[in-house]
Amino acid sequence: MEAAGVSGRMRAIVLAAGRGGRLSGVTGDHPKCLARVGNCTLLERQLATLRSCGLDAITVVVGYHAADVRRVCGPGVGFVDNTRFASTNSLYSLWLARDLLADGFVVLNCDVLFHQQLLVDLLTARYEDALLVGGRGDGVYCDEEMKVCIRGGRIVDIAKTIDPAAADGENIGVAKFGRSGAAALVEELRRVVDAAAVHEWLPAAFSAFCRRRPLWAVESRGFPWIEIDFPEDYWRACSEVLPAIEALDDARSLAPATARAVTNAASGRTIHHV
């Protein structure tokens with residue numbers, strides 16, 4: 001189902017250059033974007049979700065085992081090579097794709113399993129520049145989460161170093177930018193790269209961006225998602241999150257009350273500052 005209001009010129013960028021060494025106990029020598037969850041890989045799931053939302057102009061930034069990633073993507077996908085994948089991070093990967101961003105884009109980390117409705121919500125949000133955010137709920141944060149602070153619906157800070165007690169939620173790893181927002185973000189990417197800080201995560205540029213332009217939070221509304229960094233994340237994705245996604249899809253053919261109940265069981269996160 002195509003998301004209403006999605007420009008045919010908006011491009012999707014999937015950041016899939018890294019190895020994901022912390023998952024090697026699960027993935028072996030494969031990059032983590034090729035970790036299988038259910039009957040297909042994370043990357044294949046993301047590509048299918050993008051296309052189902054009307055995004056057919058897709059570029060994948062590849063690096064580690066690039067040939068394997070290209071083969072899994074198949075035809076109809078463009079590629080940007082990050083040959084420095086071992087010494088850089090997601091910010092540099094998006095910088096390499098900067099010439100493709102001018103008409104607006106949505107960017108995804110390759111290690112996120114999420115329900116399609118999250119992408120629909122992001123694409124159809126009235127804001128030009130927005131970030132998907134998982135609500136805090138009853139979760140306890142540590143140093144690993146990319147945490148966010150939100151005021152009046154706007155992201156005012158995003159970093160792993162935010163005091164867990166002060167965080168309003170966490171970055172899911174999917175964002176969109178319109179034309180003017182894309183130009184502003186590229187300026188921030190350039191500033192970081194010129195400072196030789198190519199090891200930074202992409203949210204370092206988001207943090208600078210939200211100090212000059214509004215970056216709005218689009219909340220997950222209880223739809224299931226998970227970022228897969230560690231083996232325990234992977235096993236939870238397989239045993240809990242994917243079944244929740246599939247149950248929610250099945251429930252959509254049932255009464256609305258049943259669908260709401262499944263959604264609440266899947267997550268139940270909210271953000272009170274949005």
# chains A, B, ... in the order shown; residues from 1 in each chain; ligands from 1

call {"tool": "residues_around", "arguments": {"residues": "segment 178-186 of chain A", "least_positions_apart": "2", "cutoff": "7 Å", "atoms": "only C-alpha atoms", "output": "PyMOL selection string"}}
result
chain A and resi 98+101-105+128-129+176+188-190+205+209

call {"tool": "residues_around", "arguments": {"residues": "segment 90-97 of chain A", "least_positions_apart": "5", "cutoff": "8 Å", "atoms": "only C-alpha atoms", "output": "list of chain:residue names"}}
result
A:Ile13, A:Leu15, A:Ala17, A:Val61, A:Val80, A:Asp81, A:Asn82, A:Phe85, A:Val186, A:Leu189, A:Arg190, A:Val193, A:Val198, A:His199, A:Glu200, A:Trp201, A:Leu202, A:Pro203, A:Ala204, A:Ala205

call {"tool": "select_by_dssp", "arguments": {"residues": "segment 29-156 of chain A", "states": "strand (DSSP E or B)", "output": "ChimeraX atom specification"}}
result
/A:36-37,40-41,58-63,65,77-81,105-109,112-114,130-135,147-151,154-156

call {"tool": "write_last_selection", "arguments": {"atoms": "N, CA and C atoms", "output": "mmCIF file, in the first residue's frame"}}
result
data_model
loop_
_atom_site.group_PDB
_atom_site.id
_atom_site.type_symbol
_atom_site.label_atom_id
_atom_site.label_comp_id
_atom_site.auth_asym_id
_atom_site.auth_seq_id
_atom_site.Cartn_x
_atom_site.Cartn_y
_atom_site.Cartn_z
ATOM 1 N N ARG A 36 19.202 -13.293 8.923
ATOM 2 C CA ARG A 36 17.864 -13.772 8.569
ATOM 3 C C ARG A 36 16.953 -13.700 9.784
ATOM 4 N N VAL A 37 15.823 -13.049 9.589
ATOM 5 C CA VAL A 37 14.773 -12.996 10.605
ATOM 6 C C VAL A 37 13.529 -13.570 9.953
ATOM 7 N N CYS A 40 13.482 -14.374 5.577
ATOM 8 C CA CYS A 40 14.303 -13.520 4.721
ATOM 9 C C CYS A 40 15.208 -12.643 5.586
ATOM 10 N N THR A 41 16.094 -11.906 4.941
ATOM 11 C CA THR A 41 17.059 -11.089 5.665
ATOM 12 C C THR A 41 16.453 -9.753 6.075
ATOM 13 N N ILE A 58 15.686 3.427 -4.689
ATOM 14 C CA ILE A 58 16.370 2.944 -3.485
ATOM 15 C C ILE A 58 17.860 2.825 -3.770
ATOM 16 N N THR A 59 18.656 3.362 -2.857
ATOM 17 C CA THR A 59 20.107 3.223 -2.931
ATOM 18 C C THR A 59 20.597 2.603 -1.631
ATOM 19 N N VAL A 60 21.443 1.619 -1.736
ATOM 20 C CA VAL A 60 22.031 0.960 -0.573
ATOM 21 C C VAL A 60 23.512 1.306 -0.527
ATOM 22 N N VAL A 61 23.968 1.812 0.606
ATOM 23 C CA VAL A 61 25.393 2.079 0.796
ATOM 24 C C VAL A 61 26.034 0.793 1.295
ATOM 25 N N VAL A 62 26.956 0.264 0.510
ATOM 26 C CA VAL A 62 27.556 -1.035 0.807
ATOM 27 C C VAL A 62 29.029 -0.855 1.178
ATOM 28 N N GLY A 63 29.567 -1.864 1.832
ATOM 29 C CA GLY A 63 30.979 -1.838 2.227
ATOM 30 C C GLY A 63 31.460 -3.247 2.480
ATOM 31 N N HIS A 65 31.623 -7.017 2.621
ATOM 32 C CA HIS A 65 31.010 -8.048 1.764
ATOM 33 C C HIS A 65 30.007 -7.428 0.801
ATOM 34 N N VAL A 77 17.962 -1.690 -7.693
ATOM 35 C CA VAL A 77 18.534 -0.988 -6.542
ATOM 36 C C VAL A 77 19.862 -0.371 -6.957
ATOM 37 N N GLY A 78 20.095 0.874 -6.560
ATOM 38 C CA GLY A 78 21.376 1.516 -6.800
ATOM 39 C C GLY A 78 22.317 1.322 -5.623
ATOM 40 N N PHE A 79 23.592 1.551 -5.856
ATOM 41 C CA PHE A 79 24.581 1.313 -4.801
ATOM 42 C C PHE A 79 25.594 2.451 -4.733
ATOM 43 N N VAL A 80 26.042 2.719 -3.525
ATOM 44 C CA VAL A 80 27.166 3.605 -3.261
ATOM 45 C C VAL A 80 28.155 2.802 -2.435
ATOM 46 N N ASP A 81 29.424 2.852 -2.799
ATOM 47 C CA ASP A 81 30.438 2.059 -2.104
ATOM 48 C C ASP A 81 31.156 2.882 -1.038
ATOM 49 N N PHE A 105 14.670 12.756 0.951
ATOM 50 C CA PHE A 105 15.003 11.337 1.102
ATOM 51 C C PHE A 105 14.551 10.812 2.447
ATOM 52 N N VAL A 106 14.467 9.503 2.528
ATOM 53 C CA VAL A 106 14.296 8.798 3.786
ATOM 54 C C VAL A 106 15.531 7.927 3.956
ATOM 55 N N VAL A 107 16.073 7.888 5.175
ATOM 56 C CA VAL A 107 17.295 7.124 5.438
ATOM 57 C C VAL A 107 17.023 6.115 6.543
ATOM 58 N N LEU A 108 17.531 4.908 6.354
ATOM 59 C CA LEU A 108 17.314 3.813 7.292
ATOM 60 C C LEU A 108 18.636 3.163 7.671
ATOM 61 N N ASN A 109 18.793 2.876 8.957
ATOM 62 C CA ASN A 109 19.845 1.963 9.370
ATOM 63 C C ASN A 109 19.419 0.551 8.989
ATOM 64 N N VAL A 112 17.429 -2.494 11.565
ATOM 65 C CA VAL A 112 16.164 -2.268 12.263
ATOM 66 C C VAL A 112 15.066 -3.120 11.644
ATOM 67 N N LEU A 113 14.410 -3.892 12.477
ATOM 68 C CA LEU A 113 13.212 -4.639 12.091
ATOM 69 C C LEU A 113 12.018 -3.838 12.607
ATOM 70 N N PHE A 114 11.073 -3.511 11.725
ATOM 71 C CA PHE A 114 9.970 -2.651 12.155
ATOM 72 C C PHE A 114 8.715 -2.939 11.359
ATOM 73 N N ALA A 130 11.641 14.809 9.775
ATOM 74 C CA ALA A 130 11.132 14.097 10.943
ATOM 75 C C ALA A 130 11.927 12.826 11.195
ATOM 76 N N LEU A 131 11.849 12.379 12.444
ATOM 77 C CA LEU A 131 12.600 11.214 12.914
ATOM 78 C C LEU A 131 11.645 10.269 13.623
ATOM 79 N N LEU A 132 11.710 8.984 13.302
ATOM 80 C CA LEU A 132 10.929 8.002 14.044
ATOM 81 C C LEU A 132 11.543 7.797 15.424
ATOM 82 N N VAL A 133 10.686 7.827 16.434
ATOM 83 C CA VAL A 133 11.144 7.748 17.815
ATOM 84 C C VAL A 133 10.343 6.692 18.561
ATOM 85 N N GLY A 134 11.046 5.823 19.265
ATOM 86 C CA GLY A 134 10.398 4.859 20.134
ATOM 87 C C GLY A 134 10.163 5.478 21.498
ATOM 88 N N GLY A 135 8.919 5.420 21.971
ATOM 89 C CA GLY A 135 8.597 6.016 23.265
ATOM 90 C C GLY A 135 9.275 5.294 24.404
ATOM 91 N N LYS A 147 19.610 8.023 22.479
ATOM 92 C CA LYS A 147 18.481 8.629 23.171
ATOM 93 C C LYS A 147 18.135 10.004 22.590
ATOM 94 N N VAL A 148 16.878 10.425 22.821
ATOM 95 C CA VAL A 148 16.427 11.726 22.334
ATOM 96 C C VAL A 148 15.748 12.493 23.455
ATOM 97 N N CYS A 149 15.835 13.822 23.357
ATOM 98 C CA CYS A 149 15.049 14.726 24.190
ATOM 99 C C CYS A 149 14.088 15.470 23.274
ATOM 100 N N ILE A 150 12.852 15.602 23.705
ATOM 101 C CA ILE A 150 11.791 16.181 22.879
ATOM 102 C C ILE A 150 11.096 17.286 23.658
ATOM 103 N N ARG A 151 10.888 18.421 22.978
ATOM 104 C CA ARG A 151 10.143 19.525 23.562
ATOM 105 C C ARG A 151 9.165 20.044 22.510
ATOM 106 N N ARG A 154 9.329 18.523 19.066
ATOM 107 C CA ARG A 154 10.571 18.649 18.300
ATOM 108 C C ARG A 154 11.736 17.982 19.021
ATOM 109 N N ILE A 155 12.592 17.341 18.251
ATOM 110 C CA ILE A 155 13.836 16.808 18.799
ATOM 111 C C ILE A 155 14.737 17.993 19.160
ATOM 112 N N VAL A 156 15.203 18.034 20.402
ATOM 113 C CA VAL A 156 16.122 19.100 20.803
ATOM 114 C C VAL A 156 17.514 18.563 21.108
#

call {"tool": "select_by_dssp", "arguments": {"residues": "segment 1-225 of chain A", "states": "helix (DSSP H, G or I)", "output": "PyMOL selection string"}}
result
chain A and resi 21-27+32-34+42-52+66-73+90-96+98-100+116-124+164-166+179-194+203-209

call {"tool": "residues_around", "arguments": {"residues": "Asp233 of chain A", "least_positions_apart": "6", "cutoff": "12 Å", "atoms": "only C-alpha atoms", "output": "number ranges by chain"}}
result
A: 22-23, 26, 32, 35, 37, 111-113, 225-227, 239-242

call {"tool": "write_last_selection", "arguments": {"atoms": "N, CA and C atoms", "output": "tab-separated table (two decimals), in the first residue's frame"}}
result
chain	number	residue	atom	x	y	z
A	22	ARG	N	29.53	-7.25	16.53
A	22	ARG	CA	28.96	-7.73	17.79
A	22	ARG	C	27.92	-8.84	17.56
A	23	LEU	N	27.49	-9.00	16.31
A	23	LEU	CA	26.54	-10.05	15.97
A	23	LEU	C	27.21	-11.27	15.35
A	26	VAL	N	26.11	-14.76	15.75
A	26	VAL	CA	24.87	-15.16	15.07
A	26	VAL	C	25.06	-15.21	13.56
A	32	LYS	N	25.61	-7.77	9.10
A	32	LYS	CA	24.38	-7.95	9.87
A	32	LYS	C	23.13	-7.60	9.08
A	35	ALA	N	21.45	-10.74	8.18
A	35	ALA	CA	20.93	-11.64	9.20
A	35	ALA	C	19.50	-12.03	8.84
A	37	VAL	N	15.82	-13.05	9.59
A	37	VAL	CA	14.77	-13.00	10.61
A	37	VAL	C	13.53	-13.57	9.95
A	111	ASP	N	19.89	-2.25	10.32
A	111	ASP	CA	19.74	-3.25	11.38
A	111	ASP	C	18.44	-3.11	12.17
A	112	VAL	N	17.43	-2.49	11.57
A	112	VAL	CA	16.16	-2.27	12.26
A	112	VAL	C	15.07	-3.12	11.64
A	113	LEU	N	14.41	-3.89	12.48
A	113	LEU	CA	13.21	-4.64	12.09
A	113	LEU	C	12.02	-3.84	12.61
A	225	TRP	N	9.02	-2.79	16.89
A	225	TRP	CA	10.27	-2.56	16.19
A	225	TRP	C	11.41	-2.98	17.12
A	226	ILE	N	12.58	-3.19	16.55
A	226	ILE	CA	13.78	-3.46	17.34
A	226	ILE	C	15.02	-3.17	16.51
A	227	GLU	N	16.01	-2.57	17.14
A	227	GLU	CA	17.33	-2.42	16.53
A	227	GLU	C	18.17	-3.61	16.97
A	239	SER	N	11.96	-14.16	18.12
A	239	SER	CA	10.99	-14.84	18.98
A	239	SER	C	9.84	-13.94	19.42
A	240	GLU	N	10.04	-12.61	19.41
A	240	GLU	CA	9.00	-11.71	19.91
A	240	GLU	C	8.54	-10.67	18.89
A	241	VAL	N	9.51	-9.94	18.30
A	241	VAL	CA	9.13	-8.80	17.49
A	241	VAL	C	8.53	-9.22	16.16
A	242	LEU	N	9.18	-10.15	15.45
A	242	LEU	CA	8.60	-10.61	14.19
A	242	LEU	C	7.23	-11.24	14.39

call {"tool": "closest_residue", "arguments": {"among": "A:Ser207, A:Gln116, A:Ser87, A:Asn39", "to": "Cys238 of chain A", "atoms": "only C-alpha atoms"}}
result
A:Asn39

call {"tool": "closest_residue", "arguments": {"among": "A:Val174, A:Arg221, A:Arg45, A:Glu144", "to": "Ile162 of chain A", "atoms": "only C-alpha atoms"}}
result
A:Glu144

call {"tool": "closest_residue", "arguments": {"among": "A:Glu219, A:Asp250, A:Asp56, A:Asp68", "to": "Asp121 of chain A", "atoms": "only C-alpha atoms"}}
result
A:Glu219

call {"tool": "atom_distance", "arguments": {"atom1": "atom CA of Tyr141 of chain A", "atom2": "atom CA of Pro164 of chain A"}}
result
5.4 Å

call {"tool": "atom_distance", "arguments": {"atom1": "atom CA of Thr27 of chain A", "atom2": "atom CA of Gly139 of chain A"}}
result
27.2 Å

call {"tool": "atom_distance", "arguments": {"atom1": "atom CA of Glu232 of chain A", "atom2": "atom CA of Ala251 of chain A"}}
result
27.2 Å
